[in-house]
$ cat final07.cif   # mmCIF, C-alpha atoms
data_coords
#
loop_
_atom_site.label_atom_id
_atom_site.label_comp_id
_atom_site.auth_asym_id
_atom_site.auth_seq_id
_atom_site.Cartn_x
_atom_site.Cartn_y
_atom_site.Cartn_z
CA MET A 248 12.63 1.59 21.60
CA ILE A 249 13.65 0.04 18.29
CA ALA A 250 16.45 1.61 16.26
CA ILE A 251 16.02 1.17 12.51
CA ILE A 252 19.48 1.76 11.08
CA ASP A 253 19.48 4.50 8.45
CA TYR A 254 22.59 4.25 6.29
CA GLY A 255 21.15 6.03 3.30
CA ILE A 256 19.54 3.12 1.56
CA GLY A 257 15.93 2.35 0.72
CA ASN A 258 12.68 3.56 2.02
CA LEU A 259 12.01 2.91 5.68
CA PHE A 260 8.55 4.41 5.93
CA SER A 261 6.61 1.13 5.93
CA LEU A 262 9.00 -0.49 8.37
CA LYS A 263 8.69 2.35 10.84
CA SER A 264 4.90 2.36 10.43
CA SER A 265 4.66 -1.37 11.05
CA PHE A 266 6.23 -0.95 14.49
CA SER A 267 3.81 1.88 15.32
CA ARG A 268 0.99 -0.46 14.34
CA ILE A 269 2.05 -3.03 16.97
CA GLY A 270 2.49 -0.29 19.57
CA GLU A 271 6.27 -0.13 19.55
CA GLN A 272 8.25 3.05 19.28
CA ALA A 273 10.69 2.88 16.39
CA VAL A 274 13.22 5.49 15.34
CA VAL A 275 14.92 5.67 11.97
CA THR A 276 18.40 6.75 12.91
CA SER A 277 22.07 6.94 12.03
CA ASP A 278 22.95 8.37 15.45
CA GLU A 279 25.26 6.12 17.44
CA SER A 280 23.94 7.30 20.81
CA VAL A 281 20.35 6.53 19.79
CA ILE A 282 21.36 3.07 18.58
CA LYS A 283 23.15 2.45 21.88
CA LYS A 284 20.07 3.49 23.87
CA ALA A 285 17.72 1.30 21.79
CA ASP A 286 16.46 -2.02 23.13
CA ARG A 287 16.61 -3.68 19.73
CA ILE A 288 18.13 -2.97 16.34
CA ILE A 289 16.74 -3.47 12.86
CA LEU A 290 19.14 -3.58 9.91
CA PRO A 291 17.06 -2.96 6.78
CA GLY A 292 18.23 -3.03 3.21
CA VAL A 293 17.21 -3.05 -0.43
CA GLY A 294 19.21 -2.84 -3.62
CA ALA A 295 22.63 -4.27 -4.38
CA PHE A 296 24.86 -5.89 -1.76
CA GLU A 297 28.11 -4.12 -2.65
CA ASP A 298 26.57 -0.65 -2.57
CA ALA A 299 24.72 -1.29 0.71
CA ALA A 300 27.71 -2.91 2.44
CA ARG A 301 29.92 -0.01 1.38
CA LYS A 302 27.44 2.59 2.66
CA LEU A 303 27.10 0.78 5.96
CA ARG A 304 30.89 0.62 6.33
CA GLU A 305 31.43 4.23 5.30
CA SER A 306 28.85 5.40 7.81
CA GLY A 307 30.78 3.57 10.52
CA LEU A 308 27.49 2.06 11.68
CA ASP A 309 28.74 -1.48 10.98
CA LYS A 310 31.06 -1.20 13.98
CA VAL A 311 28.27 0.23 16.15
CA VAL A 312 25.97 -2.65 15.23
CA LEU A 313 28.69 -5.25 15.82
CA SER A 314 29.57 -3.88 19.24
CA GLU A 315 25.92 -3.67 20.32
CA VAL A 316 25.38 -7.28 19.23
CA GLN A 317 28.46 -8.34 21.16
CA ASP A 318 26.94 -6.69 24.24
CA GLY A 319 23.91 -8.93 23.77
CA LYS A 320 21.44 -6.60 22.06
CA ALA A 321 18.90 -8.24 19.75
CA LEU A 322 19.42 -7.51 16.04
CA MET A 323 17.24 -8.37 13.09
CA GLY A 324 18.32 -7.98 9.50
CA ILE A 325 15.61 -7.71 6.87
CA CYS A 326 15.98 -8.69 3.19
CA LEU A 327 19.36 -7.31 2.06
CA GLY A 328 19.93 -6.39 5.72
CA MET A 329 19.68 -10.12 6.45
CA GLN A 330 22.07 -10.99 3.65
CA MET A 331 24.64 -8.60 5.13
CA LEU A 332 24.72 -10.64 8.34
CA PHE A 333 26.61 -13.42 6.56
CA ASP A 334 30.32 -13.89 5.90
CA LYS A 335 30.14 -12.93 2.25
CA SER A 336 28.05 -12.40 -0.86
CA TYR A 337 28.71 -13.31 -4.47
CA GLU A 338 26.39 -10.66 -5.90
CA TYR A 339 28.40 -9.14 -8.78
CA GLY A 340 31.81 -10.16 -7.44
CA GLU A 341 32.74 -11.21 -3.94
CA HIS A 342 31.95 -8.94 -1.02
CA LYS A 343 32.47 -9.21 2.70
CA GLY A 344 29.47 -9.13 5.03
CA LEU A 345 29.26 -8.56 8.79
CA GLY A 346 30.19 -12.17 9.52
CA LEU A 347 27.62 -12.52 12.30
CA ILE A 348 26.13 -15.68 10.83
CA LYS A 349 27.97 -18.45 9.03
CA GLY A 350 27.06 -18.77 5.38
CA GLU A 351 27.22 -16.99 2.08
CA VAL A 352 24.86 -15.30 -0.33
CA VAL A 353 24.63 -16.68 -3.87
CA ALA A 354 22.55 -16.09 -7.00
CA MET A 355 19.28 -17.95 -7.51
CA SER A 356 20.00 -17.96 -11.21
CA GLY A 357 21.55 -21.32 -12.08
CA ASN A 358 20.67 -22.75 -8.68
CA ILE A 359 16.93 -23.17 -9.14
CA PRO A 360 15.01 -24.75 -12.06
CA SER A 361 15.21 -22.44 -15.08
CA GLU A 362 11.42 -22.25 -15.56
CA LEU A 363 11.06 -20.39 -12.25
CA LYS A 364 11.00 -16.63 -12.45
CA ILE A 365 13.70 -14.51 -10.82
CA PRO A 366 13.38 -12.46 -8.64
CA HIS A 367 11.57 -14.76 -6.26
CA MET A 368 8.79 -12.22 -5.81
CA GLY A 369 5.47 -12.65 -4.08
CA TRP A 370 3.83 -14.54 -1.24
CA ASN A 371 5.39 -17.85 -0.26
CA LYS A 372 4.92 -20.30 2.62
CA LEU A 373 7.22 -20.57 5.60
CA ASP A 374 8.53 -24.04 6.45
CA PHE A 375 10.12 -24.21 9.89
CA VAL A 376 13.47 -25.92 10.32
CA GLY A 377 14.10 -27.71 13.59
CA GLU A 378 12.32 -26.57 16.71
CA LYS A 379 10.01 -23.56 16.17
CA ASP A 380 11.98 -20.41 16.93
CA GLU A 381 10.58 -17.84 19.36
CA LEU A 382 10.46 -15.36 16.46
CA PHE A 383 7.54 -17.43 15.14
CA LYS A 384 5.57 -17.37 18.40
CA TYR A 385 2.55 -15.84 16.61
CA VAL A 386 3.06 -17.64 13.30
CA ASN A 387 2.08 -21.09 12.07
CA GLU A 388 4.06 -23.27 9.72
CA GLY A 389 2.68 -22.72 6.22
CA ASP A 390 1.78 -19.06 6.81
CA PHE A 391 2.58 -16.82 3.84
CA VAL A 392 5.12 -14.00 3.87
CA TYR A 393 6.20 -11.58 1.13
CA PHE A 394 9.53 -12.06 -0.66
CA VAL A 395 11.43 -9.98 -3.23
CA HIS A 396 14.99 -11.18 -3.93
CA SER A 397 17.30 -12.64 -6.56
CA TYR A 398 20.08 -13.87 -4.24
CA TYR A 399 19.79 -16.19 -1.24
CA ALA A 400 21.84 -17.42 1.70
CA THR A 401 23.36 -20.91 1.75
CA GLY A 402 25.46 -22.93 4.17
CA CYS A 403 23.74 -21.43 7.22
CA ASP A 404 23.76 -24.84 8.97
CA GLU A 405 22.15 -24.75 12.40
CA ALA A 406 21.35 -21.02 12.09
CA LEU A 407 18.59 -21.89 9.59
CA ILE A 408 15.13 -21.56 11.21
CA ALA A 409 12.81 -21.34 8.19
CA THR A 410 12.82 -21.95 4.45
CA ALA A 411 10.45 -21.31 1.56
CA GLU A 412 10.05 -23.77 -1.31
CA TYR A 413 11.05 -22.29 -4.67
CA GLY A 414 12.42 -25.12 -6.75
CA LYS A 415 14.27 -26.08 -3.60
CA PRO A 416 14.18 -24.89 0.01
CA ILE A 417 15.35 -21.26 0.00
CA THR A 418 16.64 -19.70 3.22
CA ALA A 419 13.80 -17.58 4.62
CA ALA A 420 14.95 -16.89 8.19
CA VAL A 421 18.03 -17.47 10.32
CA ARG A 422 19.05 -17.07 13.93
CA GLN A 423 22.36 -17.16 15.70
CA GLY A 424 22.07 -16.27 19.39
CA ASN A 425 20.75 -12.71 19.62
CA VAL A 426 20.90 -12.14 15.85
CA TRP A 427 17.96 -12.87 13.56
CA GLY A 428 17.50 -12.42 9.83
CA CYS A 429 14.45 -12.52 7.57
CA GLN A 430 14.84 -12.74 3.81
CA PHE A 431 11.18 -11.77 3.42
CA HIS A 432 9.63 -8.41 4.33
CA PRO A 433 7.68 -8.70 7.61
CA GLU A 434 6.50 -5.09 7.13
CA LYS A 435 4.78 -6.16 3.88
CA SER A 436 3.53 -9.55 5.05
CA GLY A 437 0.20 -8.52 6.55
CA LYS A 438 -0.79 -9.91 9.97
CA VAL A 439 1.80 -12.68 9.81
CA GLY A 440 4.59 -10.17 9.34
CA LEU A 441 3.34 -7.94 12.17
CA GLY A 442 3.26 -11.04 14.38
CA ILE A 443 6.92 -11.70 13.61
CA LEU A 444 7.88 -8.10 14.47
CA LYS A 445 5.84 -8.31 17.66
CA ALA A 446 7.60 -11.53 18.69
CA PHE A 447 10.97 -9.89 18.00
CA CYS A 448 9.99 -6.99 20.25
CA GLU A 449 9.08 -9.42 23.02
CA ILE A 450 12.33 -11.38 22.91
CA MET B 20 5.76 -22.01 -4.24
CA ILE B 21 4.67 -18.47 -4.95
CA ALA B 22 0.92 -17.98 -4.55
CA LYS B 23 -1.27 -16.52 -7.28
CA ARG B 24 -2.12 -12.94 -6.36
CA ILE B 25 -5.49 -11.23 -6.29
CA ILE B 26 -5.18 -7.48 -6.70
CA PRO B 27 -7.96 -4.90 -6.35
CA CYS B 28 -7.33 -1.63 -8.15
CA LEU B 29 -8.55 1.68 -6.70
CA ASP B 30 -8.95 4.68 -8.96
CA VAL B 31 -8.33 7.80 -6.92
CA ARG B 32 -9.28 11.32 -7.93
CA ASN B 33 -8.74 14.30 -5.63
CA GLY B 34 -8.10 11.97 -2.72
CA ARG B 35 -11.29 9.92 -3.10
CA VAL B 36 -12.05 6.57 -4.66
CA VAL B 37 -13.86 6.96 -7.94
CA LYS B 38 -16.62 4.49 -8.84
CA GLY B 39 -19.34 3.85 -6.34
CA VAL B 40 -18.67 1.42 -3.60
CA ASN B 41 -21.16 -0.20 -1.33
CA PHE B 42 -20.02 -2.43 1.50
CA GLU B 43 -21.69 -3.20 4.73
CA GLY B 44 -19.58 -2.19 7.68
CA LEU B 45 -17.57 0.32 5.72
CA SER B 46 -18.68 3.76 6.80
CA ASP B 47 -16.73 5.92 4.38
CA VAL B 48 -16.96 4.09 1.10
CA SER B 49 -14.96 6.55 -0.93
CA SER B 50 -12.02 6.80 1.44
CA PRO B 51 -9.06 5.07 -0.21
CA VAL B 52 -7.58 4.38 3.21
CA SER B 53 -10.70 2.63 4.59
CA LEU B 54 -11.17 0.68 1.39
CA ALA B 55 -7.51 -0.39 1.34
CA GLU B 56 -7.77 -1.58 4.95
CA TYR B 57 -10.97 -3.42 4.14
CA TYR B 58 -9.45 -5.22 1.15
CA SER B 59 -6.33 -6.08 3.09
CA GLU B 60 -8.53 -7.65 5.82
CA CYS B 61 -10.43 -9.60 3.14
CA GLY B 62 -7.21 -11.17 1.86
CA ALA B 63 -6.12 -8.94 -1.04
CA ASP B 64 -2.49 -9.83 -1.81
CA GLU B 65 -1.52 -6.43 -3.09
CA LEU B 66 -3.22 -3.13 -3.84
CA VAL B 67 -2.99 -0.86 -6.83
CA PHE B 68 -3.68 2.84 -6.35
CA TYR B 69 -4.31 4.55 -9.63
CA ASP B 70 -4.07 8.33 -9.58
CA ILE B 71 -6.45 9.81 -12.12
CA THR B 72 -6.02 13.35 -10.85
CA ALA B 73 -5.00 16.00 -13.31
CA SER B 74 -4.43 18.95 -11.00
CA PHE B 75 -1.42 19.77 -8.86
CA GLU B 76 -3.60 19.97 -5.70
CA GLY B 77 -5.11 16.62 -6.50
CA ARG B 78 -1.65 15.11 -6.80
CA ALA B 79 -0.66 16.40 -3.38
CA LEU B 80 -3.84 14.92 -1.91
CA PHE B 81 -2.98 11.62 -3.57
CA THR B 82 0.43 11.42 -1.92
CA ASP B 83 -1.15 12.27 1.46
CA ILE B 84 -3.60 9.43 0.98
CA LEU B 85 -0.83 7.09 -0.09
CA ARG B 86 1.23 7.90 2.97
CA GLU B 87 -1.72 7.33 5.27
CA THR B 88 -2.54 4.03 3.57
CA ALA B 89 1.05 2.81 3.79
CA SER B 90 1.05 3.57 7.50
CA LYS B 91 -2.00 1.32 8.03
CA VAL B 92 -1.89 -1.39 5.39
CA PHE B 93 1.02 -3.81 5.45
CA ILE B 94 0.83 -5.52 2.09
CA PRO B 95 2.59 -4.45 -1.12
CA LEU B 96 1.29 -1.25 -2.69
CA THR B 97 1.65 -0.41 -6.36
CA VAL B 98 1.04 3.11 -7.59
CA GLY B 99 0.18 4.14 -11.12
CA GLY B 100 -1.15 7.15 -12.95
CA GLY B 101 0.76 10.29 -13.80
CA ILE B 102 4.18 8.64 -13.61
CA ASN B 103 6.30 10.44 -16.20
CA THR B 104 9.65 11.11 -14.59
CA ILE B 105 12.13 9.71 -12.07
CA ASP B 106 10.89 12.42 -9.69
CA ASP B 107 7.43 10.87 -9.89
CA PHE B 108 8.93 7.51 -8.87
CA ASP B 109 10.71 9.19 -6.01
CA ARG B 110 7.58 11.03 -4.88
CA VAL B 111 5.43 7.91 -4.52
CA LEU B 112 8.16 5.58 -3.23
CA LYS B 113 8.86 8.00 -0.39
CA CYS B 114 5.20 7.79 0.59
CA GLY B 115 5.36 4.04 1.01
CA ALA B 116 4.70 2.60 -2.46
CA ASP B 117 6.62 -0.60 -3.18
CA LYS B 118 6.19 -0.67 -6.93
CA VAL B 119 5.47 1.97 -9.52
CA SER B 120 3.49 1.32 -12.64
CA VAL B 121 4.19 3.22 -15.86
CA ASN B 122 2.02 3.34 -18.95
CA SER B 123 1.85 6.48 -21.13
CA GLY B 124 4.96 7.83 -19.37
CA ALA B 125 7.00 4.98 -20.86
CA ILE B 126 5.54 5.59 -24.32
CA ARG B 127 6.39 9.29 -24.17
CA ASN B 128 9.83 8.69 -22.71
CA PRO B 129 11.24 5.28 -23.67
CA ASP B 130 14.24 5.79 -21.34
CA LEU B 131 12.07 6.11 -18.22
CA ILE B 132 11.88 2.37 -17.48
CA GLY B 133 15.62 1.87 -17.85
CA GLU B 134 16.48 4.83 -15.63
CA ALA B 135 13.99 3.81 -12.96
CA ALA B 136 15.12 0.17 -12.98
CA LYS B 137 18.72 1.22 -12.57
CA LYS B 138 17.88 3.49 -9.65
CA TYR B 139 15.27 1.40 -7.81
CA GLY B 140 15.70 -2.13 -9.17
CA ASP B 141 13.66 -4.08 -11.72
CA GLN B 142 11.29 -5.38 -9.06
CA CYS B 143 10.09 -1.83 -8.48
CA VAL B 144 9.13 -1.05 -12.06
CA VAL B 145 5.84 -2.30 -13.44
CA LEU B 146 4.90 -1.86 -17.08
CA SER B 147 1.19 -1.37 -17.62
CA VAL B 148 -0.05 -1.73 -21.20
CA ASP B 149 -3.48 -1.05 -22.68
CA ILE B 150 -3.88 -3.38 -25.64
CA LYS B 151 -6.53 -3.66 -28.33
CA ARG B 152 -6.75 -5.77 -31.45
CA VAL B 153 -6.69 -3.71 -34.63
CA ASP B 154 -7.11 -5.77 -37.81
CA GLY B 155 -6.02 -8.84 -35.90
CA VAL B 156 -2.85 -7.26 -34.47
CA PHE B 157 -2.30 -6.42 -30.79
CA ARG B 158 -1.71 -2.67 -30.66
CA VAL B 159 -0.58 -0.48 -27.76
CA PHE B 160 -3.03 2.27 -26.89
CA ALA B 161 -2.16 5.43 -24.97
CA LYS B 162 -4.10 8.10 -23.08
CA GLY B 163 -6.27 5.70 -21.13
CA GLY B 164 -6.98 3.57 -24.17
CA ARG B 165 -8.15 6.41 -26.43
CA GLU B 166 -5.22 6.69 -28.80
CA ASN B 167 -3.70 4.01 -31.02
CA THR B 168 0.09 4.41 -30.87
CA GLY B 169 0.50 2.06 -33.81
CA MET B 170 3.06 0.04 -31.85
CA GLU B 171 2.77 -3.76 -31.87
CA ALA B 172 2.13 -4.78 -28.26
CA ILE B 173 4.28 -7.90 -27.85
CA SER B 174 7.42 -6.27 -29.19
CA TRP B 175 6.75 -3.19 -27.03
CA ILE B 176 6.44 -5.37 -23.93
CA LYS B 177 9.61 -7.30 -24.79
CA ARG B 178 11.50 -4.05 -25.25
CA CYS B 179 10.31 -2.66 -21.90
CA VAL B 180 11.19 -5.89 -20.08
CA ALA B 181 14.65 -5.84 -21.68
CA ASN B 182 14.99 -2.26 -20.36
CA GLY B 183 14.18 -3.38 -16.83
CA ALA B 184 10.41 -3.65 -16.29
CA GLY B 185 10.08 -6.32 -13.59
CA GLU B 186 6.41 -7.06 -14.07
CA VAL B 187 3.77 -6.51 -16.76
CA VAL B 188 0.11 -5.62 -16.31
CA VAL B 189 -1.85 -6.53 -19.43
CA ASN B 190 -5.07 -4.53 -19.76
CA SER B 191 -7.16 -5.85 -22.60
CA ILE B 192 -9.33 -3.05 -23.95
CA ASP B 193 -11.24 -5.71 -25.93
CA THR B 194 -12.47 -7.53 -22.82
CA ASP B 195 -12.48 -4.62 -20.35
CA GLY B 196 -15.94 -3.92 -18.97
CA VAL B 197 -17.48 -6.84 -20.87
CA LYS B 198 -17.35 -9.12 -17.78
CA LYS B 199 -17.10 -12.28 -19.86
CA GLY B 200 -13.66 -13.28 -18.66
CA PHE B 201 -10.02 -12.32 -19.08
CA ASP B 202 -8.43 -12.09 -22.52
CA ILE B 203 -6.82 -15.54 -22.52
CA GLU B 204 -5.44 -15.31 -26.05
CA MET B 205 -3.74 -11.96 -25.44
CA LEU B 206 -2.37 -13.03 -22.05
CA ASP B 207 -1.02 -16.27 -23.50
CA ALA B 208 0.87 -14.32 -26.15
CA VAL B 209 2.44 -12.08 -23.46
CA CYS B 210 3.31 -15.03 -21.18
CA GLU B 211 5.08 -16.75 -24.05
CA ALA B 212 7.06 -13.61 -24.83
CA VAL B 213 8.45 -12.64 -21.41
CA SER B 214 9.70 -14.36 -18.26
CA VAL B 215 8.74 -11.67 -15.73
CA PRO B 216 5.45 -11.89 -13.79
CA VAL B 217 2.33 -11.17 -15.83
CA ILE B 218 -0.79 -9.65 -14.28
CA ALA B 219 -4.11 -10.11 -16.04
CA SER B 220 -6.48 -7.18 -16.14
CA GLY B 221 -9.76 -6.48 -17.91
CA GLY B 222 -12.77 -8.70 -18.28
CA ALA B 223 -13.33 -10.46 -14.95
CA GLY B 224 -17.04 -10.70 -14.18
CA CYS B 225 -17.24 -13.60 -11.73
CA ILE B 226 -15.20 -16.03 -9.65
CA ASP B 227 -15.11 -18.60 -12.46
CA ASP B 228 -13.26 -16.14 -14.68
CA PHE B 229 -10.34 -16.23 -12.24
CA VAL B 230 -10.49 -20.04 -12.03
CA THR B 231 -10.37 -20.23 -15.85
CA LEU B 232 -7.53 -17.71 -15.96
CA PHE B 233 -5.22 -19.61 -13.60
CA ASN B 234 -6.19 -23.06 -14.88
CA THR B 235 -5.75 -22.17 -18.55
CA LEU B 236 -2.65 -20.04 -18.12
CA PRO B 237 -0.56 -21.36 -15.21
CA LYS B 238 2.12 -18.81 -16.13
CA VAL B 239 -0.11 -15.86 -15.19
CA ASP B 240 0.88 -14.63 -11.73
CA ALA B 241 -2.02 -12.43 -10.71
CA GLY B 242 -5.51 -11.26 -11.52
CA LEU B 243 -6.41 -7.61 -11.18
CA ALA B 244 -9.88 -6.11 -11.11
CA ALA B 245 -11.69 -3.02 -9.92
CA SER B 246 -15.44 -2.66 -10.14
CA ILE B 247 -16.38 -6.31 -9.48
CA PHE B 248 -14.65 -5.99 -6.11
CA HIS B 249 -15.91 -2.46 -5.42
CA PHE B 250 -19.52 -3.35 -6.20
CA GLY B 251 -19.28 -6.53 -4.16
CA GLU B 252 -20.06 -8.75 -7.15
CA VAL B 253 -17.02 -10.80 -6.22
CA SER B 254 -15.85 -11.03 -2.63
CA ILE B 255 -12.11 -11.52 -2.30
CA ASN B 256 -12.58 -13.94 0.61
CA GLU B 257 -14.89 -16.13 -1.39
CA LEU B 258 -12.78 -15.84 -4.52
CA LYS B 259 -9.66 -17.03 -2.74
CA SER B 260 -11.34 -19.91 -0.95
CA THR B 261 -12.87 -21.05 -4.25
CA LEU B 262 -9.46 -20.89 -5.96
CA ALA B 263 -7.95 -22.91 -3.09
CA ALA B 264 -10.72 -25.51 -3.39
CA LYS B 265 -9.80 -25.85 -7.08
CA ASN B 266 -6.18 -26.54 -6.10
CA ILE B 267 -4.91 -23.16 -7.22
CA ASN B 268 -2.16 -21.98 -4.87
CA VAL B 269 -3.40 -18.87 -3.06
CA ARG B 270 -2.64 -17.26 0.27
CA LEU B 271 -5.50 -17.87 2.69
#

$ encode --input "final07.cif" --output "structure tokens"
Amino acid sequence: MIAIIDYGIGNLFSLKSSFSRIGEQAVVTSDESVIKKADRIILPGVGAFEDAARKLRESGLDKVVLSEVQDGKALMGICLGMQMLFDKSYEYGEHKGLGLIKGEVVAMSGNIPSELKIPHMGWNKLDFVGEKDELFKYVNEGDFVYFVHSYYATGCDEALIATAEYGKPITAAVRQGNVWGCQFHPEKSGKVGLGILKAFCEI
Amino acid sequence: MIAKRIIPCLDVRNGRVVKGVNFEGLSDVSSPVSLAEYYSECGADELVFYDITASFEGRALFTDILRETASKVFIPLTVGGGINTIDDFDRVLKCGADKVSVNSGAIRNPDLIGEAAKKYGDQCVVLSVDIKRVDGVFRVFAKGGRENTGMEAISWIKRCVANGAGEVVVNSIDTDGVKKGFDIEMLDAVCEAVSVPVIASGGAGCIDDFVTLFNTLPKVDAGLAASIFHFGEVSINELKSTLAAKNINVRL
């Protein structure tokens, strides 16, 4: 069973449906006991970093997630949920993240050529970094996935497993031990995205 | 880099797709869910569901259909038609829509875009504009293109983008249904005016029209069409492989 963490942010309907589509049971939950029973955890997220990080903290679910990860459970952060895995974000100020992966989240504005539109929104190609990660078992380099974001993670060092070219290589996916993060939306990336979720469920 | 998007638009009334559809291998041609799945399989990059229902019952059917589609089709879904309030945004987003397109609703209530962008983010709010030349000036039309609002289109679009519209769909009434190609002049004027993604709509009759669109206006992000896809005059598969062969960046 997959626990999709519900901390009062965004719409989790598509995410839940995408797991049903690949034959996995997924529960949208804020219940600690359900999260503890789950085999894997998804940390979703849309909107602004500060608001989301505060809601996660106030719900107390940040501690639950951290302790489950410490016990070796697989976690995947998606979009803003991925950005929250890092040490900190500079989205409207400076905000602390979960600190599970080294790196920080910065604005695209000023860091990519000015003629490129922000948000980075639409289908872009995945470029693998280093050896192909097991998350991409069903995916080929150059496959397209769907992005919507205005901030991106930098300084991820060896945790970086995929980038997408948008004026420069933008962090698309990261992995540190049993923690994964996707900047793109696998639940909106057609067959490629479902393949990534399937691989995560098989890890 | 971001791929150019090809977007089929489905008009839905009382839970069924309006406009005849005829595809081999598709048993229920007026089921929005089957058609959405079919287009997604063919390589559509995004789908637009346009609710042309007037009745309350029809609206409830529409959200049922939307929910079912979102549980089976895993590409971005944009919903338009009958979006007049923040509650309307909420209603369709809960059913799995990713973006919401406003047209007359924004004309009636100029604060709608700003409020929605603040609540759901700019990326969620799409401005759709019906534009027609009147005495050489681009004018915004309301009520499905029947009523001249008198507003100049480019300044209207700029204002909506400043308020938070994250994307603009430009429907040229002048080229719509003519099938002689997109309205390059109008689209160029919009692309020069705003820096958010611009979606071309109205006028596509064949694959070459899309090639001309993306080659002439590299700033245009997507091409939207309805009947040419529904009637099978243009197959999305073939369209995208032709675009790729012409070195236009598309998702294959």

$ interface_residues --input "final07.cif" --of "chain A" --to "chain B" --cutoff "10 Å" --atoms "only C-alpha atoms" --output "count of residues only"
51

$ residues_near_point --input "final07.cif" --point "(28.0, -0.8, 0.5)" --cutoff "12 Å" --atoms "all atoms listed in the file" --output "PyMOL selection string"
chain A and resi 254-256+292-309+327-328+331+336+338+342-345

$ resolve_selection --input "final07.cif" --expression "the PyMOL selection byres ((chain A and resi 404) around 10)" --output "short mmCIF file (atom, residue, chain, number, x, y, z; two decimals) with C-alpha atoms, keeping the file's coordinate frame"
data_model
loop_
_atom_site.label_atom_id
_atom_site.label_comp_id
_atom_site.auth_asym_id
_atom_site.auth_seq_id
_atom_site.Cartn_x
_atom_site.Cartn_y
_atom_site.Cartn_z
CA ILE A 348 26.13 -15.68 10.83
CA LYS A 349 27.97 -18.45 9.03
CA GLY A 350 27.06 -18.77 5.38
CA THR A 401 23.36 -20.91 1.75
CA GLY A 402 25.46 -22.93 4.17
CA CYS A 403 23.74 -21.43 7.22
CA GLU A 405 22.15 -24.75 12.40
CA ALA A 406 21.35 -21.02 12.09
CA LEU A 407 18.59 -21.89 9.59
CA ILE A 408 15.13 -21.56 11.21
CA VAL A 421 18.03 -17.47 10.32
#

$ atom_distance --input "final07.cif" --atom1 "atom CA of B:Leu146" --atom2 "atom CA of B:Cys61"
26.5 Å

$ closest_residue --input "final07.cif" --among "A:Leu290, A:Asp374, A:Ala400, A:Glu351" --to "A:Val312" --atoms "all atoms listed in the file"
A:Leu290

$ residues_around --input "final07.cif" --residues "B:Asp130" --least-positions-apart "6" --cutoff "12 Å" --atoms "only C-alpha atoms" --output "PyMOL selection string"
chain B and resi 103-105+121+124+136-137+178-179+181-184

$ resolve_selection --input "final07.cif" --expression "the PyMOL selection byres ((chain B and resi 149-166) around 8)" --output "list in words"
Asn122, Ser123, Ile126, Ser147, Val148, Asn167, Thr168, Gly169, Met170, Glu171, Ala172, Ile173, Trp175, Val189, Asn190, Ser191, Ile192, Asp193 and Met205 of chain B

$ closest_residue --input "final07.cif" --among "B:Asp30, B:Glu134, B:Asp70, B:Asp109" --to "B:Ala244" --atoms "only C-alpha atoms"
B:Asp30

$ atom_distance --input "final07.cif" --atom1 "atom CA of A:Ala285" --atom2 "atom CA of A:Val316"
11.8 Å

$ residues_around --input "final07.cif" --residues "B:Ala73" --least-positions-apart "5" --cutoff "12 Å" --atoms "only C-alpha atoms" --output "mmCIF file with C-alpha atoms, in the coordinates of the input"
data_model
loop_
_atom_site.group_PDB
_atom_site.id
_atom_site.type_symbol
_atom_site.label_atom_id
_atom_site.label_comp_id
_atom_site.auth_asym_id
_atom_site.auth_seq_id
_atom_site.Cartn_x
_atom_site.Cartn_y
_atom_site.Cartn_z
ATOM 1 C CA VAL B 31 -8.330 7.800 -6.920
ATOM 2 C CA ARG B 32 -9.280 11.320 -7.930
ATOM 3 C CA ASN B 33 -8.740 14.300 -5.630
ATOM 4 C CA GLY B 34 -8.100 11.970 -2.720
ATOM 5 C CA ARG B 78 -1.650 15.110 -6.800
ATOM 6 C CA ALA B 79 -0.660 16.400 -3.380
ATOM 7 C CA LEU B 80 -3.840 14.920 -1.910
ATOM 8 C CA PHE B 81 -2.980 11.620 -3.570
ATOM 9 C CA GLY B 100 -1.150 7.150 -12.950
ATOM 10 C CA GLY B 101 0.760 10.290 -13.800
ATOM 11 C CA ILE B 102 4.180 8.640 -13.610
#
